[in-house]
Structure formats: C-alpha cells, structure tokens
>>> print(open('work.txt').read())   # compact mmCIF, C-alpha atoms and all ligand atoms
# COMPACT_ATOMS: atom_id res chain seq x y z
CA MET A 254 0.00 0.00 0.00
CA ALA A 255 1.41 3.40 -0.99
CA ARG A 256 2.10 5.64 1.98
CA LYS A 257 0.90 9.21 1.53
CA PHE A 258 3.62 11.74 2.35
CA PHE A 259 2.90 13.54 5.62
CA VAL A 260 4.19 16.96 6.65
CA GLY A 261 3.52 18.29 10.13
CA GLY A 262 4.44 21.72 11.46
CA ASN A 263 4.93 21.73 15.21
CA TRP A 264 4.77 25.32 16.43
CA LYS A 265 5.56 24.27 20.02
CA CYS A 266 5.02 27.03 22.62
CA ASN A 267 5.34 29.92 20.19
CA GLY A 268 3.28 32.65 18.60
CA THR A 269 0.96 35.55 19.14
CA THR A 270 -2.44 35.83 17.51
CA GLU A 271 -0.95 38.10 14.85
CA GLU A 272 1.98 35.77 14.14
CA VAL A 273 -0.31 32.78 13.94
CA LYS A 274 -2.56 34.56 11.45
CA LYS A 275 0.47 35.44 9.33
CA ILE A 276 1.65 31.82 9.12
CA VAL A 277 -1.84 30.63 8.28
CA THR A 278 -2.09 33.23 5.50
CA THR A 279 1.20 31.94 4.07
CA LEU A 280 0.01 28.36 4.26
CA ASN A 281 -3.29 29.27 2.65
CA GLU A 282 -1.49 30.92 -0.27
CA ALA A 283 1.11 28.16 -0.71
CA GLU A 284 1.11 26.21 -3.92
CA VAL A 285 1.61 22.63 -2.82
CA PRO A 286 0.72 19.22 -4.21
CA SER A 287 -2.86 18.14 -3.68
CA GLU A 288 -4.22 16.46 -0.59
CA ASP A 289 -4.10 13.16 -2.47
CA VAL A 290 -0.31 13.42 -2.61
CA VAL A 291 0.66 15.06 0.67
CA GLU A 292 -1.12 15.36 3.99
CA VAL A 293 -0.35 18.66 5.73
CA VAL A 294 -1.01 19.15 9.42
CA VAL A 295 -0.11 22.15 11.60
CA SER A 296 0.09 22.04 15.34
CA PRO A 297 -0.40 25.34 17.15
CA PRO A 298 -0.51 25.74 20.92
CA PHE A 299 -3.88 24.76 22.42
CA VAL A 300 -5.09 28.35 22.75
CA PHE A 301 -4.84 28.89 18.99
CA LEU A 302 -6.35 25.57 17.84
CA THR A 303 -9.80 26.94 17.14
CA LEU A 304 -8.53 30.11 15.51
CA VAL A 305 -6.21 28.17 13.22
CA LYS A 306 -8.89 25.64 12.38
CA SER A 307 -11.30 28.43 11.44
CA LEU A 308 -8.80 30.22 9.18
CA LEU A 309 -6.85 27.34 7.64
CA ARG A 310 -7.56 26.07 4.12
CA SER A 311 -9.70 22.97 4.17
CA ASP A 312 -7.11 20.64 2.64
CA PHE A 313 -4.75 21.22 5.59
CA HIS A 314 -5.51 19.92 9.06
CA VAL A 315 -4.83 20.80 12.68
CA ALA A 316 -3.13 18.87 15.48
CA ALA A 317 -2.94 19.48 19.21
CA GLN A 318 0.48 19.14 20.83
CA ASN A 319 -0.62 16.83 23.62
CA CYS A 320 -3.67 15.43 25.35
CA TRP A 321 -4.50 13.68 28.60
CA VAL A 322 -3.89 9.97 28.96
CA ARG A 323 -7.49 9.06 29.78
CA LYS A 324 -10.97 10.55 29.88
CA GLY A 325 -10.98 14.15 31.09
CA GLY A 326 -11.91 15.13 34.62
CA ALA A 327 -10.09 16.60 37.60
CA PHE A 328 -6.75 17.11 35.82
CA THR A 329 -5.96 20.79 36.08
CA GLY A 330 -4.09 22.17 33.10
CA GLU A 331 -4.76 19.20 30.85
CA ILE A 332 -7.00 18.85 27.84
CA SER A 333 -8.65 15.60 26.85
CA ALA A 334 -8.98 13.65 23.63
CA GLU A 335 -12.75 14.08 23.99
CA MET A 336 -12.29 17.85 23.85
CA LEU A 337 -10.25 17.56 20.67
CA VAL A 338 -13.04 15.49 19.14
CA ASN A 339 -15.57 18.07 20.30
CA LEU A 340 -13.58 20.86 18.62
CA GLY A 341 -13.09 18.87 15.43
CA ILE A 342 -9.30 18.60 15.87
CA PRO A 343 -8.33 15.41 14.06
CA TRP A 344 -4.69 14.97 15.14
CA VAL A 345 -2.54 15.11 18.25
CA ILE A 346 1.24 14.96 18.75
CA ILE A 347 2.14 12.60 21.58
CA GLY A 348 5.42 11.84 23.32
CA HIS A 349 7.48 14.67 21.90
CA SER A 350 11.02 14.46 23.32
CA GLU A 351 10.59 17.84 24.99
CA ARG A 352 7.74 16.39 27.04
CA ARG A 353 9.56 13.12 27.65
CA ALA A 354 12.61 15.01 28.94
CA LEU A 355 11.10 18.02 30.69
CA LEU A 356 7.87 16.50 31.99
CA ASN A 357 9.18 12.99 32.57
CA GLU A 358 6.76 11.28 30.21
CA SER A 359 7.76 7.62 30.24
CA ASN A 360 7.52 5.17 27.35
CA GLU A 361 4.52 3.51 29.04
CA PHE A 362 2.72 6.81 29.62
CA VAL A 363 3.26 7.77 25.99
CA GLY A 364 1.99 4.36 24.86
CA ASP A 365 -1.14 4.77 26.98
CA LYS A 366 -1.73 8.26 25.62
CA VAL A 367 -1.39 7.19 22.01
CA ALA A 368 -3.79 4.30 22.56
CA TYR A 369 -6.35 6.42 24.36
CA ALA A 370 -6.30 9.22 21.76
CA VAL A 371 -6.69 6.74 18.93
CA SER A 372 -9.49 4.92 20.77
CA GLN A 373 -11.37 8.22 20.91
CA GLY A 374 -10.93 8.86 17.20
CA VAL A 375 -8.00 11.30 17.37
CA LYS A 376 -5.12 10.39 15.07
CA ALA A 377 -1.73 10.37 16.75
CA ILE A 378 1.70 11.53 15.69
CA ALA A 379 3.74 9.44 18.12
CA CYS A 380 7.28 10.71 18.67
CA ILE A 381 10.34 8.62 19.42
CA GLY A 382 14.08 9.26 19.25
CA GLU A 383 17.43 8.85 20.94
CA THR A 384 19.66 11.38 22.68
CA LEU A 385 23.19 12.12 21.50
CA GLU A 386 24.62 10.10 24.37
CA GLN A 387 22.48 7.11 23.40
CA ARG A 388 23.51 7.40 19.75
CA GLU A 389 27.18 7.65 20.65
CA SER A 390 26.94 4.60 22.88
CA GLY A 391 25.42 2.62 20.02
CA SER A 392 22.00 2.17 21.58
CA THR A 393 19.87 4.11 19.06
CA MET A 394 17.91 1.10 17.86
CA ALA A 395 17.41 -0.31 21.35
CA VAL A 396 16.03 3.05 22.51
CA VAL A 397 13.63 3.61 19.62
CA ALA A 398 12.56 -0.05 19.68
CA ALA A 399 11.68 0.23 23.40
CA GLN A 400 9.73 3.44 22.74
CA THR A 401 7.90 1.82 19.83
CA LYS A 402 7.24 -1.36 21.82
CA ALA A 403 5.51 0.65 24.56
CA ILE A 404 3.20 2.08 21.90
CA ALA A 405 2.68 -1.26 20.15
CA GLU A 406 1.71 -2.92 23.43
CA LYS A 407 -1.24 -0.57 23.77
CA VAL A 408 -2.32 0.32 20.25
CA THR A 409 -4.49 -2.15 18.40
CA ASN A 410 -5.28 -0.07 15.34
CA TRP A 411 -2.25 1.45 13.63
CA GLU A 412 -4.24 3.04 10.82
CA ASN A 413 -4.43 6.29 12.72
CA VAL A 414 -0.86 6.42 13.98
CA VAL A 415 2.08 8.17 12.34
CA LEU A 416 5.47 7.39 13.89
CA ALA A 417 7.77 10.41 14.10
CA TYR A 418 11.46 9.57 14.46
CA GLU A 419 13.06 12.64 15.97
CA PRO A 420 16.63 12.19 17.17
CA VAL A 421 16.90 14.50 20.17
CA TRP A 422 20.35 15.74 19.09
CA ALA A 423 18.84 17.05 15.84
CA ILE A 424 15.94 18.95 17.37
CA GLY A 425 16.34 22.71 17.24
CA THR A 426 20.11 22.34 16.86
CA GLY A 427 20.54 22.86 13.13
CA LYS A 428 22.28 19.43 13.10
CA VAL A 429 19.99 17.49 10.81
CA ALA A 430 20.44 13.72 10.55
CA THR A 431 22.00 12.79 7.25
CA PRO A 432 19.60 11.15 4.81
CA ALA A 433 21.50 7.89 5.38
CA GLN A 434 21.19 8.16 9.17
CA ALA A 435 17.46 8.83 8.90
CA GLN A 436 16.93 6.04 6.38
CA GLU A 437 18.85 3.54 8.51
CA VAL A 438 16.64 4.10 11.56
CA HIS A 439 13.40 4.31 9.57
CA CYS A 440 14.22 1.06 7.80
CA GLU A 441 15.02 -0.65 11.12
CA LEU A 442 11.77 0.67 12.60
CA ARG A 443 9.82 -0.76 9.70
CA LYS A 444 11.53 -4.09 10.24
CA TRP A 445 10.65 -3.85 13.93
CA LEU A 446 6.99 -3.30 13.05
CA ASN A 447 7.13 -6.21 10.65
CA ASP A 448 8.61 -8.56 13.24
CA ASN A 449 6.62 -7.38 16.24
CA VAL A 450 3.27 -6.17 14.90
CA ASN A 451 2.65 -7.44 11.38
CA SER A 452 3.70 -6.98 7.77
CA GLU A 453 0.65 -4.90 6.87
CA VAL A 454 1.30 -2.38 9.63
CA ALA A 455 4.99 -2.28 8.66
CA ALA A 456 4.14 -1.56 5.05
CA SER A 457 1.44 1.02 5.66
CA THR A 458 2.58 3.01 8.73
CA ARG A 459 4.07 6.37 7.90
CA ILE A 460 7.44 6.94 9.57
CA ILE A 461 8.31 10.61 9.39
CA TYR A 462 11.52 12.38 10.34
CA GLY A 463 11.92 15.44 12.57
CA GLY A 464 14.98 17.40 13.60
CA SER A 465 16.20 20.60 11.92
CA VAL A 466 14.28 19.97 8.69
CA ASN A 467 14.07 22.99 6.42
CA GLY A 468 13.55 23.91 2.79
CA ALA A 469 17.21 23.31 2.01
CA ASN A 470 17.58 19.78 3.38
CA CYS A 471 14.11 18.31 2.88
CA ASN A 472 14.50 17.03 -0.67
CA GLU A 473 17.32 14.63 0.08
CA LEU A 474 15.56 13.34 3.18
CA ALA A 475 12.29 12.92 1.29
CA ALA A 476 14.08 10.85 -1.35
CA GLN A 477 14.83 8.09 1.18
CA PRO A 478 12.55 5.09 0.66
CA ASP A 479 11.47 4.82 4.30
CA VAL A 480 11.14 8.54 5.03
CA ASP A 481 7.43 9.22 4.63
CA GLY A 482 7.39 12.86 5.65
CA PHE A 483 8.52 15.32 8.28
CA LEU A 484 7.66 16.83 11.59
CA VAL A 485 9.07 20.34 11.35
CA GLY A 486 9.62 22.66 14.28
CA GLY A 487 11.54 25.91 13.82
CA ALA A 488 11.17 26.15 10.05
CA SER A 489 7.39 25.77 10.31
CA LEU A 490 7.33 29.14 12.08
CA LYS A 491 9.38 30.97 9.48
CA VAL A 492 7.00 32.45 7.01
CA SER A 493 9.64 32.38 4.26
CA ASP A 494 10.37 28.65 4.78
CA VAL A 495 6.87 27.35 5.37
CA PRO A 496 5.86 26.14 1.90
CA SER A 497 9.32 24.90 0.89
CA PHE A 498 9.37 21.71 2.92
CA ILE A 499 5.85 20.79 1.91
CA VAL A 500 6.57 20.96 -1.79
CA PRO A 501 9.65 18.70 -2.30
CA LEU A 502 8.44 15.25 -2.82
CA VAL A 503 7.18 12.61 -4.86
O1 LIG B 1 8.51 18.45 16.45
C1 LIG B 1 9.43 18.94 15.81
C2 LIG B 1 10.80 18.70 16.18
O2 LIG B 1 11.01 18.92 17.53
C3 LIG B 1 11.81 19.34 15.29
O3 LIG B 1 12.08 20.66 15.65
P1 LIG B 1 13.11 21.50 14.75
O4 LIG B 1 12.63 21.39 13.34
O5 LIG B 1 13.04 22.90 15.28
O6 LIG B 1 14.44 20.87 14.94
>>> encode(input="work.txt", output="structure tokens")
Amino acid sequence: MARKFFVGGNWKCNGTTEEVKKIVTTLNEAEVPSEDVVEVVVSPPFVFLTLVKSLLRSDFHVAAQNCWVRKGGAFTGEISAEMLVNLGIPWVIIGHSERRALLNESNEFVGDKVAYAVSQGVKAIACIGETLEQRESGSTMAVVAAQTKAIAEKVTNWENVVLAYEPVWAIGTGKVATPAQAQEVHCELRKWLNDNVNSEVAASTRIIYGGSVNGANCNELAAQPDVDGFLVGGASLKVSDVPSFIVPLV
C-alpha cells in the first residue's frame, strides 16, 4: 500500500495571535501538491487551535500538541482527547522528546496516551528518538525499539498512527540527521513493526523524520525510501520557509 507523504508543522510554545494569522495566511497561499499526494497538518498551541482551524484552508488539518492519557476530569491544566473530538481537531502529537525530557513522560505513559487518543478517534503523531549520548553509545535502535514497543503494546489499530522519528540531538540544533542516518533508523523501525506487529502495519505506517528539517535539506531526506514525511519545528514558524518543505516530494 502506498504511503501518503505527511508533513507536520509543530509550532511548540510559540506565537501571538498576529503571528499565527500570518503563518496561516502563508500556508493558505502556498502552492503545494494536492491532498491526495501530501497530507499537511499544523500544530499550534492549544489556545490557537480553534482560531487556526477556522482560518486554515480545508485541505490542511490541525493537530494538538498533547492530550491527557485518559478521559478528562479533575486534571488541572490538561485537555482531553474528547475535547479535541468536540472541537473537530483530528490529530494530536504525543510523546514529543521535549515532554519526555522536561515533563518525565515515560515510554509507558506515551503508549497509553497514544492508545487512548486513537481509541477516541483522534489520530496520533507518536514521537520517538534517541539522545546524542544514546547514539554515541550505540543504543539508538534499542532506545527507539523500546519506545515503539511501549506504543505497540497498547495500540491495536495502527491506521491512525504516524510514527515520528526525531533524534533529540537534531531537534532545534541545526544538526539534521544525514539522509543515510534517517533512512537507517526508519528502515530498522519498519523491520521492527514487521517482526513485532505485522507486515501490513509495517508496510502502511508512515514513519516521518523530525529534527532541523528545512527547505534546504528536505529534498534529500524525502528521497529516502522509508522517510514518509517530516515533523518540522523551527522552520514551520518561518513564514519564508513554510511552503518549501511541503513541496519537495514525490
Ligand atoms: O517536532 C518537531 C521537532 O522537535 C523538530 O524541531 P526543529 O525542526 O526545530 O528541529
């Protein structure tokens, strides 16, 4: 089954109303391949979700940057998957390395969150990736396999999961993984899915790359057979760079 290229813009904890409107205007005017060829999703902070959804062209979609691990309730400061459904937000990013590192989100917690979001009908961009220390000690595959295993143990339907490989050392550093480094891990992850979930999930699950992607380096990365798209941070906020990493491809 052909995997549709997927490009996500993760705006993280950035933006004012005016800045957000400017980026949306740029996205709305961008000439990009049709929705049949590339799926484009932008992820503003929670407070701008509704605004962005109301202004954004209809062929692009919106993602939240997190949601609670179970049904909502007495969890101050959290937002639930049910709320995302209520607002018509189809996607959520889960397990970003910033949350894993700064908010101590464990592999198991991330796996539970992905499974709960998907069970409620919210599609998940599930993030995994190794630190520089882990890469240098040769444990990259063990780390990403353990992170993926924790997701696979909880998720029964992979149709609505995109796996985002984001090496921590490449995030916000300008040190993008080489196309060969990205391809190597993506290919191993697909093998892991084949061996531990099933061949259909391995063939159909989109594995996207994140970490210092921009208009200048995206083409080479996109040309790798197991790189099915990007999760872009910094460059997704730069009005001049926004359309460039959506266009490369296919
Ligand atoms: O979610 C996006 C990643 O953290 C990548 O961020 P970056 O493109 O600024 O390196």
>>> residues_near_ligand(input="work.txt", ligand="ligand LIG 1 (chain B)", cutoff="6 Å", atoms="all atoms listed in the file", output="JSON, numbers by chain")
{"A": [263, 423, 424, 425, 463, 464, 465, 466, 484, 485, 486, 487, 488]}
>>> atom_distance(input="work.txt", atom1="atom CA of Glu351 of chain A", atom2="atom CA of Ser296 of chain A")
14.9 Å
>>> atom_distance(input="work.txt", atom1="atom CA of Val315 of chain A", atom2="atom CA of Val408 of chain A")
22.0 Å
>>> closest_residue(input="work.txt", among="A:Glu383, A:Glu412, A:Glu473, A:Glu419", to="Ile461 of chain A", atoms="all atoms listed in the file")
A:Glu419
>>> residues_around(input="work.txt", residues="Asn413 of chain A", least_positions_apart="6", cutoff="7 Å", atoms="all atoms listed in the file", output="ChimeraX atom specification")
/A:371,376-377
>>> axis_aligned_box(input="work.txt", around="segment 480-497 of chain A", padding_each_side="6 Å", output="JSON")
{"center_x": 8.7, "center_y": 20.5, "center_z": 7.6, "size_x": 17.7, "size_y": 35.9, "size_z": 25.4}
>>> atom_distance(input="work.txt", atom1="atom CA of Ala476 of chain A", atom2="atom CA of Tyr418 of chain A")
16.1 Å
>>> closest_residue(input="work.txt", among="A:Leu355, A:Val277, A:Val421, A:Val322", to="Ser307 of chain A", atoms="all atoms listed in the file")
A:Val277
>>> decode(input="work.txt", residues="segment 282-299 of chain A", atoms="N, CA and C atoms", output="mmCIF file, in the first residue's frame")
data_model
loop_
_atom_site.group_PDB
_atom_site.id
_atom_site.type_symbol
_atom_site.label_atom_id
_atom_site.label_comp_id
_atom_site.auth_asym_id
_atom_site.auth_seq_id
_atom_site.Cartn_x
_atom_site.Cartn_y
_atom_site.Cartn_z
ATOM 1 N N GLU A 282 -1.870 30.458 1.083
ATOM 2 C CA GLU A 282 -1.494 30.917 -0.267
ATOM 3 C C GLU A 282 -0.493 29.980 -0.942
ATOM 4 N N ALA A 283 0.033 29.006 -0.177
ATOM 5 C CA ALA A 283 1.106 28.163 -0.709
ATOM 6 C C ALA A 283 0.600 27.257 -1.832
ATOM 7 N N GLU A 284 1.447 27.144 -2.853
ATOM 8 C CA GLU A 284 1.105 26.209 -3.921
ATOM 9 C C GLU A 284 1.805 24.894 -3.600
ATOM 10 N N VAL A 285 1.045 23.919 -3.225
ATOM 11 C CA VAL A 285 1.606 22.628 -2.823
ATOM 12 C C VAL A 285 0.842 21.516 -3.543
ATOM 13 N N PRO A 286 1.438 20.335 -3.574
ATOM 14 C CA PRO A 286 0.720 19.219 -4.208
ATOM 15 C C PRO A 286 -0.624 18.971 -3.517
ATOM 16 N N SER A 287 -1.508 18.307 -4.210
ATOM 17 C CA SER A 287 -2.864 18.141 -3.676
ATOM 18 C C SER A 287 -2.873 17.212 -2.457
ATOM 19 N N GLU A 288 -3.996 17.269 -1.785
ATOM 20 C CA GLU A 288 -4.219 16.461 -0.586
ATOM 21 C C GLU A 288 -4.072 14.962 -0.865
ATOM 22 N N ASP A 289 -4.252 14.582 -2.125
ATOM 23 C CA ASP A 289 -4.097 13.160 -2.471
ATOM 24 C C ASP A 289 -2.642 12.740 -2.428
ATOM 25 N N VAL A 290 -1.741 13.726 -2.519
ATOM 26 C CA VAL A 290 -0.310 13.425 -2.606
ATOM 27 C C VAL A 290 0.391 13.671 -1.280
ATOM 28 N N VAL A 291 0.011 14.738 -0.597
ATOM 29 C CA VAL A 291 0.659 15.061 0.675
ATOM 30 C C VAL A 291 -0.377 15.529 1.692
ATOM 31 N N GLU A 292 -0.225 14.985 2.895
ATOM 32 C CA GLU A 292 -1.121 15.361 3.987
ATOM 33 C C GLU A 292 -0.393 16.415 4.822
ATOM 34 N N VAL A 293 -1.001 17.572 4.992
ATOM 35 C CA VAL A 293 -0.347 18.657 5.729
ATOM 36 C C VAL A 293 -1.122 18.944 7.011
ATOM 37 N N VAL A 294 -0.392 18.955 8.113
ATOM 38 C CA VAL A 294 -1.011 19.154 9.421
ATOM 39 C C VAL A 294 -0.197 20.194 10.190
ATOM 40 N N VAL A 295 -0.855 21.187 10.770
ATOM 41 C CA VAL A 295 -0.112 22.145 11.597
ATOM 42 C C VAL A 295 -0.575 22.042 13.036
ATOM 43 N N SER A 296 0.388 22.252 13.932
ATOM 44 C CA SER A 296 0.094 22.037 15.339
ATOM 45 C C SER A 296 0.402 23.292 16.168
ATOM 46 N N PRO A 297 -0.589 24.146 16.320
ATOM 47 C CA PRO A 297 -0.397 25.343 17.148
ATOM 48 C C PRO A 297 -0.588 25.012 18.624
ATOM 49 N N PRO A 298 -0.180 25.920 19.498
ATOM 50 C CA PRO A 298 -0.506 25.736 20.923
ATOM 51 C C PRO A 298 -2.026 25.643 21.101
ATOM 52 N N PHE A 299 -2.442 24.986 22.182
ATOM 53 C CA PHE A 299 -3.880 24.757 22.421
ATOM 54 C C PHE A 299 -4.735 26.003 22.207
#
